[in-house]
file query_38.cif (mmCIF, C-alpha atoms)
data_run
#
loop_
_atom_site.label_atom_id
_atom_site.label_comp_id
_atom_site.auth_asym_id
_atom_site.auth_seq_id
_atom_site.Cartn_x
_atom_site.Cartn_y
_atom_site.Cartn_z
CA MET B 253 -27.51 130.41 165.63
CA MET B 254 -28.88 133.74 164.55
CA THR B 255 -28.68 134.91 160.99
CA GLY B 256 -29.91 138.19 159.59
CA ARG B 257 -31.93 136.55 156.83
CA VAL B 258 -33.76 133.37 156.11
CA PHE B 259 -32.57 131.75 152.90
CA SER B 260 -34.83 129.46 150.93
CA ASP B 261 -33.63 126.18 149.43
CA GLU B 262 -33.99 127.73 146.01
CA THR B 263 -31.71 130.61 146.90
CA LEU B 264 -29.11 128.29 148.38
CA MET B 265 -29.33 126.10 145.31
CA ALA B 266 -28.90 129.07 142.98
CA PHE B 267 -25.89 130.07 145.07
CA ALA B 268 -24.39 126.59 144.75
CA ASP B 269 -25.05 126.63 140.99
CA GLY B 270 -23.53 130.07 140.48
CA GLU B 271 -26.85 131.51 139.34
CA LEU B 272 -27.09 134.41 141.81
CA ASP B 273 -25.98 137.90 140.95
CA GLU B 274 -22.94 139.30 142.71
CA ALA B 275 -24.74 141.09 145.53
CA GLU B 276 -26.99 138.17 146.38
CA ALA B 277 -24.12 135.72 146.18
CA ALA B 278 -22.09 137.86 148.57
CA ALA B 279 -24.98 137.98 151.04
CA VAL B 280 -25.36 134.20 150.99
CA ALA B 281 -21.60 133.67 151.26
CA ALA B 282 -21.44 135.93 154.29
CA ALA B 283 -24.33 134.13 155.98
CA ILE B 284 -22.76 130.74 155.27
CA GLU B 285 -19.53 131.89 156.92
CA VAL B 286 -21.26 132.15 160.27
CA ASP B 287 -23.91 129.46 159.95
CA PRO B 288 -22.73 125.85 159.57
CA MET B 289 -26.29 124.65 159.04
CA LEU B 290 -26.67 126.96 156.07
CA ALA B 291 -23.31 125.81 154.75
CA GLU B 292 -24.47 122.22 155.00
CA ARG B 293 -27.68 122.94 153.09
CA ALA B 294 -25.76 124.67 150.28
CA GLY B 295 -23.23 121.84 150.34
CA ALA B 296 -25.98 119.29 149.69
CA PHE B 297 -26.83 121.07 146.46
CA ARG B 298 -23.20 121.10 145.41
CA MET B 299 -22.91 117.41 146.25
CA THR B 300 -25.89 116.39 144.10
CA ARG B 301 -24.50 118.24 141.12
CA ARG B 302 -21.06 116.72 141.56
CA SER B 303 -22.47 113.21 141.93
CA LEU B 304 -24.64 113.47 138.83
CA ARG B 305 -21.79 114.90 136.82
CA ALA B 306 -19.48 112.11 137.98
CA ALA B 307 -22.02 109.42 137.12
CA PHE B 308 -22.86 110.69 133.63
CA GLY B 309 -20.07 112.99 132.50
CA ASP B 310 -18.05 110.35 130.68
CA ILE B 311 -20.88 109.21 128.42
CA VAL B 312 -20.05 111.97 125.95
CA ARG B 313 -16.67 110.38 125.39
CA GLU B 314 -18.15 107.03 124.37
CA PRO B 315 -18.26 106.55 120.61
CA VAL B 316 -21.69 107.19 119.15
CA PRO B 317 -23.00 104.09 117.36
CA THR B 318 -21.92 104.25 113.73
CA GLU B 319 -25.31 103.38 112.39
CA LEU B 320 -26.88 106.27 114.24
CA THR B 321 -24.45 108.76 112.74
CA ALA B 322 -25.10 107.28 109.32
CA PHE B 323 -28.83 107.42 109.97
CA VAL B 324 -28.66 111.14 110.68
CA MET B 325 -26.44 111.79 107.68
CA ALA B 326 -28.91 109.92 105.49
CA GLY B 327 -31.60 112.30 106.68
CA GLY B 328 -33.48 109.60 108.60
CA VAL B 329 -34.14 107.59 105.45
CA GLY B 330 -34.78 103.88 105.26
CA ARG B 331 -35.95 102.90 108.71
CA THR B 332 -38.70 100.62 109.83
CA SER B 333 -41.19 102.03 112.30
CA SER B 334 -39.99 101.99 115.87
CA ALA B 335 -42.53 99.37 116.95
CA ALA B 336 -41.12 96.88 114.46
CA ARG B 337 -37.45 97.52 115.22
CA PRO B 338 -35.30 95.31 117.33
CA PRO B 339 -33.41 97.36 119.93
CA LEU B 340 -30.98 99.68 118.23
CA ALA B 341 -28.00 98.52 120.21
CA ARG B 342 -28.35 94.98 118.96
CA ARG B 343 -28.62 96.03 115.34
CA LEU B 344 -25.60 98.23 115.72
CA MET B 345 -23.23 95.60 116.98
CA PRO B 346 -21.72 94.50 113.66
CA ILE B 347 -21.11 98.01 112.46
CA ALA B 348 -20.53 99.98 115.58
CA ALA B 349 -16.77 100.21 115.63
CA ALA B 350 -16.08 101.67 112.24
CA LEU B 351 -17.09 105.20 111.44
CA ALA B 352 -15.08 107.32 113.81
CA CYS B 353 -11.69 105.83 113.05
CA PHE B 354 -11.72 105.85 109.29
CA VAL B 355 -14.99 106.14 107.47
CA ALA B 356 -14.54 109.16 105.34
CA GLY B 357 -12.03 110.57 107.77
CA GLY B 358 -14.40 113.45 107.34
CA ALA B 359 -16.83 111.77 109.69
CA GLY B 360 -14.18 111.98 112.36
CA TYR B 361 -13.97 115.68 111.75
CA TRP B 362 -17.71 116.04 111.78
CA LEU B 363 -17.97 114.36 115.14
CA GLY B 364 -15.37 116.68 116.55
CA MET B 365 -16.89 119.88 115.29
CA ARG B 366 -19.26 122.14 117.08
CA GLY B 367 -21.78 124.46 115.53
CA ALA B 368 -20.49 123.79 112.05
CA GLY B 369 -21.47 126.47 109.60
CA GLN B 370 -21.86 125.53 106.00
CA SER B 371 -18.48 126.79 104.86
CA GLN B 372 -16.74 124.76 107.54
CA VAL B 373 -18.65 121.71 106.46
CA VAL B 374 -17.67 122.21 102.86
CA GLN B 375 -14.09 122.56 103.93
CA VAL B 376 -14.24 119.38 105.94
CA VAL B 377 -15.72 117.43 103.09
CA THR B 378 -13.12 118.96 100.82
CA LEU B 379 -10.25 117.99 103.06
CA GLY B 380 -11.25 114.47 104.11
CA PRO B 381 -9.89 111.31 102.48
CA LEU B 382 -13.36 110.68 101.12
CA ALA B 383 -13.36 113.98 99.25
CA ALA B 384 -9.91 113.20 97.87
CA ALA B 385 -11.14 109.84 96.61
CA LEU B 386 -14.22 111.41 95.03
CA GLU B 387 -12.03 113.95 93.31
CA THR B 388 -9.35 111.64 91.95
CA LEU B 389 -10.63 108.07 91.52
CA ASP B 390 -12.45 106.51 88.57
CA ASP B 391 -15.50 104.30 89.01
CA GLY B 392 -14.53 100.85 90.19
CA ALA B 393 -11.35 102.12 91.86
CA ARG B 394 -10.63 101.41 95.48
CA GLN B 395 -8.39 103.20 97.89
CA THR B 396 -7.11 102.06 101.24
CA VAL B 397 -7.65 104.43 104.15
CA GLY B 398 -6.18 103.32 107.43
CA THR B 399 -7.42 99.80 108.01
CA GLY B 400 -10.38 100.29 105.69
CA ALA B 401 -11.09 101.31 102.13
CA ILE B 402 -13.14 103.64 99.98
CA ALA B 403 -14.56 102.17 96.76
CA LEU B 404 -16.02 104.37 94.04
CA GLN B 405 -18.98 102.79 92.27
CA GLN B 406 -20.98 104.87 89.81
CA THR B 407 -21.10 108.40 88.48
CA LEU B 408 -24.41 109.85 87.35
CA ARG B 409 -25.87 113.08 86.07
CA THR B 410 -28.75 114.28 88.25
CA ARG B 411 -30.84 117.34 88.97
CA ALA B 412 -28.44 117.92 91.88
CA GLY B 413 -25.45 117.94 89.53
CA ILE B 414 -22.92 115.17 89.08
CA CYS B 415 -23.27 112.57 91.81
CA ARG B 416 -21.06 109.62 92.69
CA THR B 417 -21.98 106.55 94.71
CA PHE B 418 -19.38 104.95 96.92
CA GLN B 419 -18.90 102.37 99.60
CA LEU B 420 -16.87 102.66 102.77
CA ASP B 421 -15.47 99.42 104.14
CA GLN B 422 -13.89 98.30 107.32
CA SER B 423 -13.63 94.61 108.16
CA GLN B 424 -17.23 93.46 107.78
CA ASN B 425 -18.75 96.88 108.19
CA ARG B 426 -19.98 98.86 105.25
CA LEU B 427 -21.60 102.18 104.58
CA ASP B 428 -23.12 103.24 101.27
CA GLY B 429 -23.00 106.87 100.29
CA VAL B 430 -23.75 109.41 97.61
CA ALA B 431 -21.85 112.65 97.15
CA CYS B 432 -22.79 115.38 94.71
CA ARG B 433 -20.67 118.04 93.16
CA GLY B 434 -21.79 121.61 93.69
CA GLU B 435 -20.04 124.95 93.91
CA GLY B 436 -16.66 123.41 93.37
CA THR B 437 -16.86 120.86 96.14
CA TRP B 438 -18.31 117.48 97.10
CA ARG B 439 -21.23 117.32 99.46
CA VAL B 440 -22.14 114.02 101.05
CA GLU B 441 -25.89 113.69 100.58
CA VAL B 442 -26.43 110.15 101.82
CA LEU B 443 -24.48 107.94 104.19
CA ALA B 444 -26.16 104.79 105.42
CA ALA B 445 -25.32 101.30 106.58
CA THR B 446 -25.16 98.84 103.71
CA ARG B 447 -28.27 96.72 103.62
CA ASP B 448 -27.10 93.49 102.10
CA GLY B 449 -24.65 92.58 104.84
CA GLY B 450 -27.12 90.10 106.33
CA THR B 451 -26.95 91.76 109.73
CA TYR B 452 -30.43 93.20 109.62
CA ALA B 453 -33.41 92.92 107.36
CA PRO B 454 -34.04 95.55 104.70
CA ALA B 455 -36.86 97.88 105.65
CA SER B 456 -38.08 98.39 102.12
CA ALA B 457 -37.11 97.59 98.56
CA ALA B 458 -35.32 100.89 97.87
CA GLY B 459 -32.39 101.79 100.11
CA PRO B 460 -31.37 105.33 101.02
CA VAL B 461 -29.01 105.56 98.05
CA GLU B 462 -31.64 104.47 95.53
CA SER B 463 -34.26 106.69 97.14
CA PHE B 464 -31.98 109.67 96.90
CA LEU B 465 -31.03 108.97 93.27
CA ASP B 466 -34.68 108.56 92.31
CA GLY B 467 -35.44 111.84 94.02
CA VAL B 468 -32.88 113.77 92.01
CA GLU B 469 -33.85 112.01 88.77
CA ALA B 470 -30.49 110.40 88.20
CA GLY B 471 -29.80 109.11 84.69
CA GLU B 472 -27.94 105.94 83.74
CA PRO B 473 -24.44 105.52 85.19
CA LEU B 474 -21.94 107.28 82.93
CA PRO B 475 -19.47 105.19 80.91
CA ALA B 476 -15.85 105.08 82.04
CA ASP B 477 -14.48 107.41 79.37
CA GLN B 478 -16.98 110.13 80.25
CA VAL B 479 -16.15 109.79 83.94
CA ARG B 480 -12.46 110.12 83.15
CA ARG B 481 -13.07 113.25 81.08
CA LEU B 482 -15.15 114.76 83.88
CA ARG B 483 -12.41 114.00 86.38
CA GLN B 484 -9.75 115.56 84.17
CA GLY B 485 -11.99 118.58 83.66
CA GLY B 486 -12.39 119.16 87.39
CA TRP B 487 -15.91 117.71 87.51
CA ARG B 488 -17.59 120.56 85.70
CA ALA B 489 -20.98 119.36 84.57
CA ASP B 490 -20.56 120.49 80.93
CA MET S 952 -33.06 119.24 106.03
CA GLY S 953 -29.74 120.13 104.51
CA VAL S 954 -26.53 118.27 104.99
CA ASP S 955 -25.10 121.12 107.05
CA ILE S 956 -27.82 120.78 109.65
CA ARG S 957 -27.40 117.02 109.69
CA LEU S 958 -23.74 117.57 110.43
CA GLN S 959 -24.62 119.86 113.30
CA VAL S 960 -26.94 117.19 114.67
CA VAL S 961 -24.12 114.66 114.37
CA THR S 962 -21.82 116.89 116.41
CA MET S 963 -24.48 117.04 119.12
CA LEU S 964 -25.09 113.29 119.27
CA PRO S 965 -22.70 112.61 122.17
CA ARG S 966 -24.45 115.12 124.42
CA LEU S 967 -27.92 114.04 123.29
CA ARG S 968 -26.93 110.49 124.01
CA ARG S 969 -25.92 111.40 127.53
CA PHE S 970 -29.24 113.18 128.08
CA ALA S 971 -31.04 110.10 126.74
CA ARG S 972 -29.11 107.87 129.13
CA SER S 973 -30.03 110.00 132.12
CA LEU S 974 -33.70 109.89 131.12
CA ALA S 975 -34.15 106.35 129.89
CA GLY S 976 -31.66 104.59 132.13
CA THR S 977 -30.56 101.56 130.16
CA ALA S 978 -28.21 101.91 127.18
CA ASP S 979 -30.60 100.08 124.84
CA ARG S 980 -33.57 102.23 125.71
CA ALA S 981 -31.46 105.37 125.61
CA ASP S 982 -30.21 104.65 122.09
CA ASP S 983 -33.73 103.89 120.94
CA LEU S 984 -34.86 107.20 122.41
CA LEU S 985 -31.96 108.95 120.70
CA GLN S 986 -32.79 107.41 117.36
CA ALA S 987 -36.46 108.30 117.72
CA THR S 988 -35.37 111.86 118.54
CA CYS S 989 -33.21 112.10 115.43
CA GLU S 990 -35.99 110.65 113.33
CA ARG S 991 -38.50 113.17 114.66
CA ALA S 992 -36.06 116.07 114.37
CA LEU S 993 -35.12 115.24 110.78
CA LYS S 994 -38.76 114.85 109.84
CA SER S 995 -39.88 118.10 111.44
CA ALA S 996 -36.75 120.18 110.90
CA GLY S 997 -39.00 122.96 109.63
CA GLN S 998 -40.17 123.54 113.20
CA TRP S 999 -36.69 124.52 114.30
CA GLN S 1000 -36.23 128.26 113.92
CA PRO S 1001 -32.84 129.19 112.51
CA GLY S 1002 -31.19 131.65 114.85
CA THR S 1003 -32.34 129.74 117.92
CA ARG S 1004 -30.18 127.06 119.47
CA LEU S 1005 -30.37 123.74 117.68
CA ASP S 1006 -29.20 121.83 120.76
CA SER S 1007 -31.99 123.28 122.92
CA TRP S 1008 -34.53 122.28 120.31
CA LEU S 1009 -33.14 118.74 120.12
CA TYR S 1010 -33.20 118.41 123.92
CA ARG S 1011 -36.84 119.50 123.81
CA VAL S 1012 -37.76 117.02 121.09
CA MET S 1013 -36.18 114.24 123.13
CA GLN S 1014 -37.75 115.33 126.40
CA ASN S 1015 -41.22 115.44 124.81
CA LEU S 1016 -40.84 112.02 123.20
CA TRP S 1017 -39.71 110.56 126.48
CA ILE S 1018 -42.53 112.10 128.53
CA ASP S 1019 -45.02 110.77 125.95
CA GLU S 1020 -43.49 107.34 126.25
CA MET S 1021 -43.65 107.44 130.04
CA ARG S 1022 -47.32 108.38 129.93
CA ARG S 1023 -48.11 105.68 127.41
CA ALA S 1024 -46.29 103.06 129.45
CA LYS S 1025 -48.06 104.17 132.60
CA LYS S 1026 -51.45 104.00 130.94
CA GLN S 1027 -50.78 100.49 129.72
CA GLY S 1028 -49.54 99.52 133.15
CA GLN S 1029 -46.17 98.50 131.79
CA HIS S 1030 -43.24 98.06 134.04
CA VAL S 1031 -40.62 100.61 133.14
CA PRO S 1032 -37.19 99.02 133.33
CA GLU S 1033 -34.77 100.60 135.70
CA HIS S 1034 -31.20 101.64 135.24
CA ASP S 1035 -28.64 99.06 134.19
CA ALA S 1036 -26.58 99.79 137.23
CA LEU S 1037 -29.40 99.36 139.70
CA ALA S 1038 -28.48 95.75 140.43
CA VAL S 1039 -25.16 96.91 141.83
CA VAL S 1040 -26.75 98.99 144.53
CA GLY S 1041 -26.99 97.43 147.93
CA GLU S 1042 -24.33 94.80 147.37
CA ASP S 1043 -21.87 96.71 149.40
CA GLY S 1044 -22.98 98.87 152.23
CA ALA S 1045 -19.53 100.11 153.03
CA ARG S 1046 -18.85 103.63 151.94
CA ALA S 1047 -15.54 105.36 151.60
CA ALA S 1048 -14.91 108.06 154.17
CA ASP S 1049 -14.75 110.75 151.52
CA ALA S 1050 -18.11 109.52 150.32
CA ARG S 1051 -17.42 109.41 146.64
CA ILE S 1052 -20.78 108.07 145.62
CA ALA S 1053 -20.98 105.13 143.29
CA ALA S 1054 -22.46 105.82 139.88
CA GLY S 1055 -24.95 103.00 140.36
CA GLU S 1056 -26.32 104.67 143.42
CA VAL S 1057 -26.80 107.94 141.57
CA LEU S 1058 -28.63 106.16 138.79
CA ALA S 1059 -30.88 104.38 141.24
CA ALA S 1060 -31.61 107.65 143.01
CA LEU S 1061 -32.57 109.29 139.70
CA ASP S 1062 -35.05 106.50 139.12
CA ARG S 1063 -37.00 107.65 142.15
CA LEU S 1064 -37.73 111.06 140.67
CA PRO S 1065 -40.91 111.86 138.77
CA PRO S 1066 -40.20 112.47 135.05
CA GLU S 1067 -40.52 116.27 135.19
CA GLN S 1068 -37.95 116.52 137.98
CA ARG S 1069 -35.67 114.05 136.35
CA SER S 1070 -35.34 116.01 133.13
CA VAL S 1071 -34.67 119.31 134.86
CA VAL S 1072 -32.01 117.75 137.08
CA SER S 1073 -30.40 116.20 134.05
CA LEU S 1074 -30.41 119.40 131.99
CA VAL S 1075 -28.93 121.55 134.75
CA CYS S 1076 -26.62 119.21 136.67
CA ILE S 1077 -25.44 116.91 133.88
CA GLU S 1078 -25.84 118.90 130.67
CA GLU S 1079 -24.90 122.06 132.56
CA LEU S 1080 -27.56 124.31 131.13
CA SER S 1081 -28.35 127.50 133.00
CA TYR S 1082 -31.76 127.79 134.68
CA ARG S 1083 -32.88 130.04 131.86
CA GLU S 1084 -31.73 127.64 129.16
CA ALA S 1085 -33.44 124.74 130.93
CA ALA S 1086 -36.63 126.78 131.16
CA GLU S 1087 -36.49 127.36 127.41
CA VAL S 1088 -35.98 123.67 126.66
CA LEU S 1089 -38.82 122.63 128.94
CA GLU S 1090 -41.03 125.57 127.98
CA VAL S 1091 -41.84 126.40 131.59
CA PRO S 1092 -41.16 129.57 133.65
CA ILE S 1093 -37.76 129.83 135.28
CA GLY S 1094 -39.45 129.72 138.71
CA THR S 1095 -40.84 126.31 137.86
CA VAL S 1096 -37.38 125.12 136.90
CA MET S 1097 -36.02 126.28 140.24
CA SER S 1098 -38.76 124.76 142.36
CA ARG S 1099 -38.62 121.41 140.54
CA LEU S 1100 -34.86 121.40 140.68
CA ALA S 1101 -34.68 122.20 144.39
CA ARG S 1102 -37.24 119.51 145.23
CA ALA S 1103 -35.48 116.93 143.10
CA ARG S 1104 -32.09 117.64 144.58
CA ALA S 1105 -33.41 117.54 148.13
CA VAL S 1106 -34.66 114.02 147.38
CA LEU S 1107 -31.37 113.04 145.77
CA ALA S 1108 -29.35 114.47 148.64
CA ALA S 1109 -31.46 112.59 151.17
CA ILE S 1110 -30.86 109.33 149.31
CA LEU S 1111 -27.21 109.90 148.56
CA SER S 1112 -25.86 111.30 151.79
CA PRO S 1113 -25.50 109.06 154.84
CA ASP S 1114 -27.53 111.17 157.22
CA GLY S 1115 -29.78 112.94 154.75
CA LEU S 1116 -30.45 116.63 154.75
CA ALA S 1117 -30.18 118.05 158.21
CA ASN S 1118 -32.69 120.73 157.42
CA GLY S 1119 -36.23 119.76 158.21
CA SER S 1120 -37.87 122.39 156.04
CA THR S 1121 -36.82 120.64 152.88
CA ALA S 1122 -39.67 119.23 150.84
CA ARG S 1123 -39.30 115.58 149.98
CA GLY S 1124 -41.03 113.68 147.24
CA ALA S 1125 -42.74 115.14 144.21
#

call {"tool": "encode", "arguments": {"input": "query_38.cif", "output": "structure tokens"}}
result
Amino acid sequence: MMTGRVFSDETLMAFADGELDEAEAAAVAAAIEVDPMLAERAGAFRMTRRSLRAAFGDIVREPVPTELTAFVMAGGVGRTSSAARPPLARRLMPIAAALACFVAGGAGYWLGMRGAGQSQVVQVVTLGPLAAALETLDDGARQTVGTGAIALQQTLRTRAGICRTFQLDQSQNRLDGVACRGEGTWRVEVLAATRDGGTYAPASAAGPVESFLDGVEAGEPLPADQVRRLRQGGWRAD
Amino acid sequence: MGVDIRLQVVTMLPRLRRFARSLAGTADRADDLLQATCERALKSAGQWQPGTRLDSWLYRVMQNLWIDEMRRAKKQGQHVPEHDALAVVGEDGARAADARIAAGEVLAALDRLPPEQRSVVSLVCIEELSYREAAEVLEVPIGTVMSRLARARAVLAAILSPDGLANGSTARGA
């Protein structure tokens, strides 16, 4: 079989991957028309791509382990060194199911968003059930969300403004969080798996929540009447 | 690192997790690699330049961690565990006529590639990056991406197709 040009594997691969410019692609396509051997070589490149995609494509639809999401949201706080850790998957088991379905609702949005700019993020936090609870509940109050619950714990004055600690519950899974009020909205600053659940050993004395509150020089938790006044005043610091 | 960047990282976790799985093979090792990547990225967020793609940077952080781990394991003579699905391969020699290739076979084939080829195959064929984007992640010239990718896929095709590549000029092996 005679062809006008010799095509390298790399060219055939780039053709199969759609990486050639129009003129080159047309030249390869024309050569393939009349040369079954060439068609077979290009086909092998298409086949490898298809096979890899078929084998791995669905992994993005698996839920990401809850603890990992929480770990990122906590800014990577409160971990033992990797050498000392048991495999992540084992530690995740008790908590893994929760976050996406209910925790904060907002987390579900976060997972679904791409390239979130700050204003979108603020909106999400503003709209989620967690933000609603932060806005409207007093300390000690608890609100059911789906099959889980959000419990407000303490409200404190800090360098970062007014901050509230909370716990997100679903069956035996718990996340601790801190949200701070700024520019008229709540920002979640810390979200981490609760340490006292007995499912894994604490890495250090201070958890992510305590570390964060220390860092922003939080004062004593505010008494209930002050929290109520703040809530009624729309959470303005003064 | 601000909360907004953390949220962006969270949105990218599913894709990073897939990349980790294609590199590390087993789910346990992949999630450990993913966590190590997040840890490193959060700690050195200052190295990411705003205006450049965050996902490319995260792929790079992961790829570098994994290559380091491979080198360390090799130096210590450790056995690197293979893909979870490897055990499945070879149990059934029969292949459907339309040759839809079992996932386990693909995973086992990937295990035969040297690390540098494996990451480029994964970035282009699974993560669907362009050659240029893959070159940026791996910090190599685009020509290097193409030559590694073509070699890797020739090996994969030879393993995965019943009669291998008909063309004799194709380089096999690393």

call {"tool": "atom_distance", "arguments": {"input": "query_38.cif", "atom1": "CA of Leu1080 in chain S", "atom2": "CA of Ala326 in chain B"}}
result
29.4 Å

call {"tool": "closest_residue", "arguments": {"input": "query_38.cif", "among": "B:Val430, B:Val442, B:Ala393, B:Ala401", "to": "chain S", "atoms": "all atoms listed in the file"}}
result
B:Val442

call {"tool": "residues_near_point", "arguments": {"input": "query_38.cif", "point": "(-32.4, 110.2, 126.9)", "cutoff": "10 Å", "atoms": "all atoms listed in the file", "output": "list in words"}}
result
Arg966, Leu967, Arg968, Arg969, Phe970, Ala971, Arg972, Ser973, Leu974, Ala975, Gly976, Thr977, Ala978, Arg980, Ala981, Asp982, Asp983, Leu984, Leu985, Gln986, Thr988, Tyr1010, Met1013, Gln1014, Leu1016, Trp1017, Ser1070 and Ser1073 of chain S

call {"tool": "interface_residues", "arguments": {"input": "query_38.cif", "of": "chain S", "to": "chain B", "cutoff": "6 Å", "atoms": "only C-alpha atoms", "output": "list in words"}}
result
Asp955, Arg957, Gln959, Thr962, Pro965, Arg966, Arg969, Asp979, Asp983, Glu990, Ala1054, Cys1076, Ile1077, Ala1101 and Ala1108 of chain S

call {"tool": "resolve_selection", "arguments": {"input": "query_38.cif", "expression": "the PyMOL selection byres ((chain S and resi 1102) around 12)", "output": "MDAnalysis selection string"}}
result
(chainID B and resid 260:262 265 297 300) or (chainID S and resid 1064:1065 1067:1069 1071:1072 1095:1101 1103:1109 1120:1125)

call {"tool": "atom_distance", "arguments": {"input": "query_38.cif", "atom1": "CA of Ala1085 in chain S", "atom2": "CA of Trp1008 in chain S"}}
result
11.0 Å

call {"tool": "atom_distance", "arguments": {"input": "query_38.cif", "atom1": "CA of Ala1086 in chain S", "atom2": "CA of Ser995 in chain S"}}
result
21.8 Å

call {"tool": "resolve_selection", "arguments": {"input": "query_38.cif", "expression": "the PyMOL selection byres ((chain B and resi 473) around 12)", "output": "count of residues only"}}
result
22
